[in-house]
>>> print(open('target14.txt').read())   # compact mmCIF, C-alpha atoms
# COMPACT_ATOMS: atom_id res chain seq x y z
CA MET A 87 -7.04 13.08 -20.10
CA SER A 88 -9.96 10.87 -19.10
CA ILE A 89 -9.32 7.70 -17.12
CA TYR A 90 -11.98 6.01 -19.28
CA ARG A 91 -11.30 4.64 -22.73
CA SER A 92 -14.60 6.02 -24.05
CA SER A 93 -17.80 7.78 -23.00
CA THR A 94 -19.53 4.41 -23.24
CA GLY A 95 -16.98 2.97 -20.84
CA ARG A 96 -17.64 5.79 -18.39
CA ARG A 97 -21.36 4.97 -18.42
CA VAL A 98 -20.64 1.26 -17.86
CA LEU A 99 -18.52 2.07 -14.79
CA GLU A 100 -21.12 4.50 -13.50
CA ARG A 101 -23.74 1.74 -13.72
CA ALA A 102 -21.42 -0.61 -11.83
CA TYR A 103 -20.94 2.10 -9.18
CA THR A 104 -24.71 2.63 -8.89
CA ASP A 105 -25.37 -1.12 -8.62
CA ALA A 106 -22.75 -1.49 -5.87
CA LEU A 107 -24.16 1.53 -4.03
CA ARG A 108 -27.69 0.16 -4.22
CA ASP A 109 -26.56 -3.15 -2.73
CA LEU A 110 -25.05 -1.57 0.39
CA GLU A 111 -26.98 -2.56 3.48
CA VAL A 112 -26.78 0.90 5.09
CA ASP A 113 -28.08 4.36 4.32
CA VAL A 114 -25.42 6.35 2.49
CA GLY A 115 -25.03 10.11 2.23
CA LYS A 116 -22.87 12.00 -0.26
CA ARG A 117 -20.71 15.09 -0.10
CA ARG A 118 -18.31 16.90 -2.40
CA VAL A 119 -15.05 18.25 -1.03
CA GLU A 120 -12.56 20.57 -2.73
CA THR A 121 -8.90 19.55 -2.38
CA ARG A 122 -5.70 20.80 -3.94
CA HIS A 123 -5.82 17.68 -6.17
CA GLY A 124 -9.37 18.18 -7.35
CA THR A 125 -12.98 17.79 -6.34
CA THR A 126 -13.58 14.64 -4.31
CA HIS A 127 -16.86 12.76 -4.03
CA VAL A 128 -17.32 11.20 -0.58
CA LEU A 129 -19.72 8.53 0.65
CA LEU A 130 -20.87 8.76 4.28
CA ALA A 131 -22.50 6.07 6.43
CA GLY A 132 -23.19 5.50 10.10
CA PRO A 133 -24.25 7.87 12.87
CA ALA A 134 -23.32 11.52 12.32
CA ASP A 135 -21.97 11.67 15.87
CA GLY A 136 -20.10 8.35 15.62
CA GLU A 137 -16.32 8.16 15.82
CA PRO A 138 -15.00 9.04 12.35
CA LEU A 139 -13.31 6.28 10.37
CA LEU A 140 -11.68 7.07 7.03
CA LEU A 141 -11.73 4.32 4.38
CA PHE A 142 -9.84 4.14 1.08
CA HIS A 143 -10.94 1.77 -1.67
CA GLY A 144 -9.05 -0.43 -4.08
CA GLY A 145 -7.58 0.80 -7.35
CA ASN A 146 -9.30 0.17 -10.69
CA ALA A 147 -12.46 -0.52 -8.69
CA THR A 148 -15.34 1.48 -7.26
CA ASN A 149 -15.65 2.94 -3.80
CA PRO A 150 -19.00 1.29 -2.90
CA MET A 151 -17.73 -2.15 -3.91
CA THR A 152 -14.99 -1.85 -1.27
CA LEU A 153 -17.18 0.00 1.24
CA SER A 154 -19.45 -3.06 1.33
CA TRP A 155 -16.69 -4.92 3.21
CA TYR A 156 -17.02 -2.58 6.19
CA THR A 157 -20.66 -1.53 6.46
CA GLY A 158 -21.00 -3.66 9.59
CA LEU A 159 -18.96 -0.97 11.36
CA ALA A 160 -21.57 1.68 10.53
CA ASP A 161 -23.56 0.81 13.68
CA GLU A 162 -20.90 2.59 15.71
CA TYR A 163 -18.55 4.53 13.43
CA ARG A 164 -19.06 7.39 11.02
CA LEU A 165 -17.66 5.90 7.82
CA ILE A 166 -16.06 8.49 5.54
CA ALA A 167 -15.22 6.90 2.19
CA PRO A 168 -13.87 9.12 -0.60
CA ASP A 169 -13.79 8.15 -4.26
CA THR A 170 -10.06 8.25 -4.95
CA VAL A 171 -9.11 10.93 -7.45
CA GLY A 172 -7.97 9.40 -10.72
CA GLN A 173 -9.94 6.18 -10.10
CA PRO A 174 -13.40 5.05 -11.26
CA GLY A 175 -16.08 7.06 -9.50
CA TYR A 176 -17.18 10.67 -9.24
CA SER A 177 -14.02 12.44 -8.08
CA ALA A 178 -11.65 14.42 -10.30
CA GLU A 179 -9.99 12.23 -12.93
CA ASN A 180 -6.47 13.63 -12.65
CA ARG A 181 -4.02 11.06 -11.37
CA ILE A 182 -1.67 11.68 -8.49
CA ASP A 183 1.97 10.60 -8.53
CA PRO A 184 1.62 7.43 -6.42
CA ASN A 185 4.95 7.87 -4.66
CA GLY A 186 5.12 11.60 -4.10
CA ASP A 187 3.42 13.73 -1.46
CA GLY A 188 0.21 14.05 -3.45
CA TYR A 189 -1.85 11.39 -1.71
CA GLY A 190 -0.79 12.66 1.69
CA GLU A 191 -1.81 16.18 0.68
CA TRP A 192 -5.14 14.91 -0.61
CA VAL A 193 -5.88 13.07 2.65
CA VAL A 194 -4.91 16.08 4.75
CA ASP A 195 -7.27 18.24 2.68
CA LEU A 196 -10.08 15.74 3.29
CA LEU A 197 -9.45 15.78 7.02
CA GLU A 198 -9.46 19.56 7.05
CA ALA A 199 -12.74 19.65 5.12
CA PHE A 200 -14.38 17.45 7.75
CA GLY A 201 -12.77 19.30 10.65
CA LEU A 202 -10.77 16.26 11.74
CA GLN A 203 -7.30 16.28 13.24
CA ARG A 204 -6.37 12.63 13.84
CA VAL A 205 -8.49 9.60 12.82
CA PRO A 206 -8.22 5.85 12.33
CA MET A 207 -7.90 4.78 8.69
CA ILE A 208 -8.57 1.60 6.74
CA GLY A 209 -6.96 1.01 3.37
CA THR A 210 -7.97 -1.82 1.07
CA SER A 211 -5.54 -2.90 -1.66
CA TYR A 212 -4.44 0.33 -3.43
CA GLY A 213 -6.05 2.23 -0.55
CA SER A 214 -3.45 0.81 1.83
CA GLY A 215 -0.78 2.51 -0.23
CA ILE A 216 -2.67 5.79 0.18
CA VAL A 217 -2.64 5.31 3.95
CA LEU A 218 1.10 4.63 3.88
CA ARG A 219 1.79 7.72 1.77
CA THR A 220 -0.20 9.71 4.34
CA ALA A 221 1.82 8.09 7.14
CA ALA A 222 4.99 9.16 5.38
CA MET A 223 3.90 12.79 4.91
CA ALA A 224 1.58 13.47 7.84
CA PRO A 225 2.07 10.70 10.43
CA ASP A 226 0.38 12.72 13.17
CA ARG A 227 -2.96 12.63 11.31
CA ILE A 228 -3.41 8.85 11.67
CA ASP A 229 -4.70 7.48 14.98
CA ARG A 230 -4.29 3.85 13.89
CA ALA A 231 -4.22 2.10 10.52
CA ALA A 232 -5.62 -1.16 9.18
CA LEU A 233 -4.18 -2.42 5.89
CA VAL A 234 -6.27 -5.08 4.13
CA VAL A 235 -4.88 -7.11 1.17
CA PRO A 236 -2.43 -4.22 1.04
CA ALA A 237 -0.56 -2.46 -1.67
CA GLY A 238 2.28 -0.34 -0.37
CA PHE A 239 4.97 -2.99 0.10
CA GLY A 240 5.65 -4.02 -3.46
CA THR A 241 4.14 -7.04 -5.19
CA GLY A 242 4.62 -10.77 -5.49
CA SER A 243 6.61 -12.58 -8.17
CA LEU A 244 6.47 -11.67 -11.84
CA ALA A 245 5.10 -15.12 -12.63
CA SER A 246 2.21 -14.60 -10.21
CA LEU A 247 1.40 -11.20 -11.71
CA LEU A 248 1.55 -12.52 -15.27
CA ARG A 249 -0.94 -15.28 -14.48
CA VAL A 250 -3.49 -12.54 -13.92
CA GLY A 251 -2.07 -9.82 -16.14
CA LEU A 252 -1.93 -11.67 -19.45
CA PRO A 253 -5.54 -12.92 -19.46
CA SER A 254 -6.62 -9.48 -18.21
CA VAL A 255 -4.99 -7.82 -21.23
CA LEU A 256 -6.53 -10.37 -23.59
CA TYR A 257 -9.97 -9.83 -22.04
CA ARG A 258 -9.53 -6.07 -22.43
CA PHE A 259 -9.27 -6.42 -26.20
CA LEU A 260 -11.25 -9.59 -26.93
CA GLY A 261 -14.03 -9.45 -24.34
CA SER A 262 -14.31 -13.25 -24.14
CA GLU A 263 -16.27 -14.39 -21.11
CA TRP A 264 -13.99 -17.34 -20.45
CA LEU A 265 -11.06 -14.95 -20.08
CA LEU A 266 -13.00 -12.93 -17.51
CA GLU A 267 -13.84 -16.17 -15.70
CA TYR A 268 -10.13 -17.05 -15.58
CA VAL A 269 -9.25 -13.65 -14.12
CA LEU A 270 -12.04 -13.86 -11.56
CA GLN A 271 -10.99 -17.34 -10.47
CA SER A 272 -7.50 -15.95 -9.83
CA ILE A 273 -8.40 -12.85 -7.83
CA VAL A 274 -11.86 -13.48 -6.32
CA THR A 275 -12.36 -16.07 -3.58
CA GLU A 276 -16.06 -16.52 -4.41
CA PRO A 277 -16.15 -15.65 -8.13
CA THR A 278 -19.77 -16.68 -8.72
CA ARG A 279 -21.29 -15.21 -5.57
CA ASP A 280 -21.45 -11.48 -6.22
CA PRO A 281 -22.53 -10.11 -9.63
CA VAL A 282 -21.45 -6.61 -8.58
CA VAL A 283 -17.85 -7.79 -8.23
CA ARG A 284 -17.99 -9.57 -11.58
CA ASP A 285 -19.49 -6.58 -13.38
CA THR A 286 -17.10 -4.09 -11.74
CA VAL A 287 -13.96 -6.11 -12.47
CA GLY A 288 -15.07 -6.78 -16.04
CA ALA A 289 -16.01 -3.15 -16.66
CA SER A 290 -12.74 -1.88 -15.24
CA LEU A 291 -10.64 -4.25 -17.32
CA ARG A 292 -12.48 -3.28 -20.52
CA HIS A 293 -13.08 0.42 -20.06
CA VAL A 294 -10.57 2.04 -17.65
CA GLN A 295 -7.08 3.31 -18.38
CA LEU A 296 -5.74 1.02 -15.69
CA GLU A 297 -3.49 2.28 -12.90
CA ARG A 298 -0.36 0.12 -13.05
CA GLU A 299 1.82 1.64 -10.33
CA PHE A 300 1.05 1.28 -6.65
CA PRO A 301 1.78 3.82 -3.91
CA GLU A 302 4.53 2.63 -1.58
CA ALA A 303 6.50 3.95 1.38
CA THR A 304 10.00 3.05 2.55
CA ALA A 305 11.19 2.43 6.10
CA ASN A 306 12.95 5.80 6.10
CA GLU A 307 9.79 7.58 5.00
CA LEU A 308 7.82 5.83 7.76
CA ALA A 309 10.38 6.43 10.50
CA ASP A 310 8.19 8.98 12.31
CA PHE A 311 5.00 6.94 12.05
CA ASP A 312 4.25 5.17 15.33
CA ALA A 313 0.47 4.63 15.36
CA PRO A 314 -0.69 1.01 15.78
CA VAL A 315 -1.05 -0.92 12.52
CA ALA A 316 -3.01 -4.08 11.71
CA LEU A 317 -2.18 -6.07 8.57
CA PHE A 318 -4.55 -8.53 6.87
CA VAL A 319 -3.11 -10.51 3.95
CA ALA A 320 -4.77 -13.18 1.81
CA GLU A 321 -3.00 -16.53 1.50
CA ASN A 322 -3.56 -16.84 -2.27
CA ASP A 323 -3.37 -13.18 -3.25
CA PRO A 324 -1.59 -13.05 -6.65
CA PHE A 325 -0.75 -9.36 -6.23
CA PHE A 326 0.31 -9.05 -2.58
CA PRO A 327 1.07 -12.56 -1.24
CA PRO A 328 2.01 -13.04 2.43
CA ASP A 329 5.49 -14.38 1.71
CA ALA A 330 6.38 -11.11 -0.02
CA ILE A 331 4.36 -8.63 2.02
CA VAL A 332 4.60 -9.58 5.70
CA SER A 333 8.38 -9.40 6.05
CA ARG A 334 8.49 -6.06 4.25
CA ALA A 335 5.74 -4.69 6.46
CA ARG A 336 7.63 -5.78 9.59
CA ASP A 337 10.77 -4.09 8.29
CA ARG A 338 9.04 -0.79 7.51
CA LEU A 339 6.47 -0.40 10.28
CA GLN A 340 7.84 -0.11 13.80
CA SER A 341 4.31 -0.16 15.25
CA LEU A 342 2.90 -3.16 13.41
CA SER A 343 0.89 -4.83 16.16
CA THR A 344 -1.40 -7.29 14.36
CA VAL A 345 -0.74 -9.61 11.41
CA GLU A 346 -3.35 -12.03 10.09
CA VAL A 347 -2.99 -14.35 7.10
CA LEU A 348 -6.44 -15.19 5.75
CA SER A 349 -6.32 -18.88 4.86
CA GLY A 350 -7.60 -19.91 1.44
CA GLU A 351 -8.43 -16.35 0.39
CA ASN A 352 -7.69 -14.59 -2.87
CA HIS A 353 -7.31 -10.84 -3.32
CA ILE A 354 -11.05 -10.13 -3.19
CA LEU A 355 -12.16 -11.73 0.04
CA SER A 356 -15.04 -14.10 0.65
CA SER A 357 -18.01 -12.98 2.71
CA ALA A 358 -16.80 -15.13 5.63
CA ALA A 359 -13.33 -13.56 5.51
CA ARG A 360 -14.82 -10.07 5.36
CA ASP A 361 -16.89 -10.83 8.46
CA HIS A 362 -13.78 -12.10 10.22
CA VAL A 363 -11.76 -9.02 9.24
CA MET A 364 -14.56 -6.74 10.39
CA ALA A 365 -14.68 -8.45 13.79
CA SER A 366 -10.91 -8.16 14.11
CA LEU A 367 -11.05 -4.54 13.04
CA ARG A 368 -13.63 -3.73 15.67
CA GLU A 369 -11.33 -5.17 18.34
CA PHE A 370 -8.30 -3.36 16.89
CA LEU A 371 -10.10 -0.02 16.71
CA GLU A 372 -11.34 -0.28 20.28
CA LYS A 373 -7.92 -0.96 21.84
>>> encode(input="target14.txt", output="structure tokens")
Amino acid sequence: MSIYRSSTGRRVLERAYTDALRDLEVDVGKRRVETRHGTTHVLLAGPADGEPLLLFHGGNATNPMTLSWYTGLADEYRLIAPDTVGQPGYSAENRIDPNGDGYGEWVVDLLEAFGLQRVPMIGTSYGSGIVLRTAAMAPDRIDRAALVVPAGFGTGSLASLLRVGLPSVLYRFLGSEWLLEYVLQSIVTEPTRDPVVRDTVGASLRHVQLEREFPEATANELADFDAPVALFVAENDPFFPPDAIVSRARDRLQSLSTVEVLSGENHILSSAARDHVMASLREFLEK
């Protein structure tokens, strides 16, 4: 079954993907990789001989929209950014059980395709859950992990989720611009700054069969994972707020070495916060 509600919706998301890709400030290559969970489309940036860095994007969003947060690292690192299977983009559309071994298997297959044994990984939002599922299944394949506005530790309160969820559902069926504005004000720190973010969020809400369950890993599942972990949470994130996420992360990750709460930020970070995270990531990756 398609993840898109219609062929028109697929084309709208493909345009949003193309627009986000065009706006990236680095040269980007593409590659297709076969995995046991389907063909995977991968974006590549940075020097071919740079240290590999695997990046996983947010759910119900496009890979290049999230990749734009980290292109500053492409001066030194070889960024390997797959379109997540079952999410908007150009990978296979079949969805993986978010809390089984599937995501770990998928990541291992990607590493094997690129001839990589153990690499640092960055997960953004839903992508953090993918990193954690990999840590649960194949902990020895992760050199260190950075989790940014992370899924993987549950969510905030029902009231917080409903404040975004209800207008999102109404926008899905009514298409009223003021409803989209309300959603953007809730989840985007700079809602009027980036038209790519606006178009991608709006297109996803209208045209994608939305993923509603997040990958997660328990303390028992992560018991063998001891690579350094950095956690970046946004103060006003309606999905993964610090008061819910940080304590759970500390309970589940024995090697959590860095925790930063990004003051005044919503789920989709401002340009200033992205720059700050990138600087912190560079320091974390070089330790």
>>> closest_residue(input="target14.txt", among="A:Thr278, A:Ile354, A:Ser333, A:Ile89", to="Arg181 of chain A", atoms="only C-alpha atoms")
A:Ile89
>>> closest_residue(input="target14.txt", among="A:Pro206, A:Gly261, A:Gly132, A:Gly172", to="Lys373 of chain A", atoms="only C-alpha atoms")
A:Pro206
>>> closest_residue(input="target14.txt", among="A:Thr94, A:Thr104, A:Thr304, A:Gln203", to="Asn185 of chain A", atoms="all atoms listed in the file")
A:Thr304
>>> closest_residue(input="target14.txt", among="A:His123, A:Arg108, A:Lys116, A:Arg164", to="Asp135 of chain A", atoms="all atoms listed in the file")
A:Arg164
>>> residues_near_point(input="target14.txt", point="(-6.1, 15.2, -10.9)", cutoff="9 Å", atoms="only C-alpha atoms", output="ChimeraX atom specification")
/A:122-125,171-172,177-182
>>> atom_distance(input="target14.txt", atom1="atom CA of Thr170 of chain A", atom2="atom CA of Tyr189 of chain A")
9.4 Å
>>> closest_residue(input="target14.txt", among="A:Gly188, A:Val315, A:Leu159, A:Glu137", to="Arg336 of chain A", atoms="only C-alpha atoms")
A:Val315
>>> closest_residue(input="target14.txt", among="A:Thr157, A:Ala224, A:Glu302, A:Ser341", to="Arg368 of chain A", atoms="only C-alpha atoms")
A:Thr157
>>> residues_near_point(input="target14.txt", point="(2.8, 9.0, 7.2)", cutoff="12 Å", atoms="only C-alpha atoms", output="PyMOL selection string")
chain A and resi 186-187+189-191+193-194+204+207+214-231+302-313+315+338-339
>>> residues_around(input="target14.txt", residues="segment 349-351 of chain A", least_positions_apart="5", cutoff="8 Å", atoms="only C-alpha atoms", output="list in words")
Thr275, Ala320, Glu321, Asn322, Asp323, Ser356 and Ala359 of chain A
>>> residues_around(input="target14.txt", residues="Phe259 of chain A", least_positions_apart="4", cutoff="10 Å", atoms="all atoms listed in the file", output="list of chain:residue names")
A:Ser254, A:Val255, A:Leu291, A:Arg292, A:His293
>>> atom_distance(input="target14.txt", atom1="atom CA of Ala237 of chain A", atom2="atom CA of Phe325 of chain A")
8.3 Å
>>> atom_distance(input="target14.txt", atom1="atom CA of Leu165 of chain A", atom2="atom CA of Ala131 of chain A")
5.0 Å
>>> residues_around(input="target14.txt", residues="Ser92 of chain A", least_positions_apart="4", cutoff="10 Å", atoms="all atoms listed in the file", output="list in words")
Ser88, Arg96, Arg97, Val98, His293, Val294 and Gln295 of chain A
>>> write_last_selection(input="target14.txt", atoms="C-alpha atoms", output="PDB file, in the coordinates of the input")
ATOM      1  CA  SER A  88      -9.960  10.870 -19.100  1.00  0.00           C
ATOM      2  CA  ARG A  96     -17.640   5.790 -18.390  1.00  0.00           C
ATOM      3  CA  ARG A  97     -21.360   4.970 -18.420  1.00  0.00           C
ATOM      4  CA  VAL A  98     -20.640   1.260 -17.860  1.00  0.00           C
ATOM      5  CA  HIS A 293     -13.080   0.420 -20.060  1.00  0.00           C
ATOM      6  CA  VAL A 294     -10.570   2.040 -17.650  1.00  0.00           C
ATOM      7  CA  GLN A 295      -7.080   3.310 -18.380  1.00  0.00           C
TER       8      GLN A 295
END
>>> residues_around(input="target14.txt", residues="Ser246 of chain A", least_positions_apart="2", cutoff="12 Å", atoms="all atoms listed in the file", output="list of chain:residue names")
A:Thr241, A:Gly242, A:Ser243, A:Leu244, A:Leu248, A:Arg249, A:Val250, A:Gly251, A:Leu252, A:Ser272, A:Ile273, A:Asn322, A:Asp323, A:Pro324, A:Phe325, A:Phe326, A:Pro327, A:Ala330
>>> residues_around(input="target14.txt", residues="Val282 of chain A", least_positions_apart="4", cutoff="9 Å", atoms="only C-alpha atoms", output="PyMOL selection string")
chain A and resi 102-103+105-106+109+151+286-287
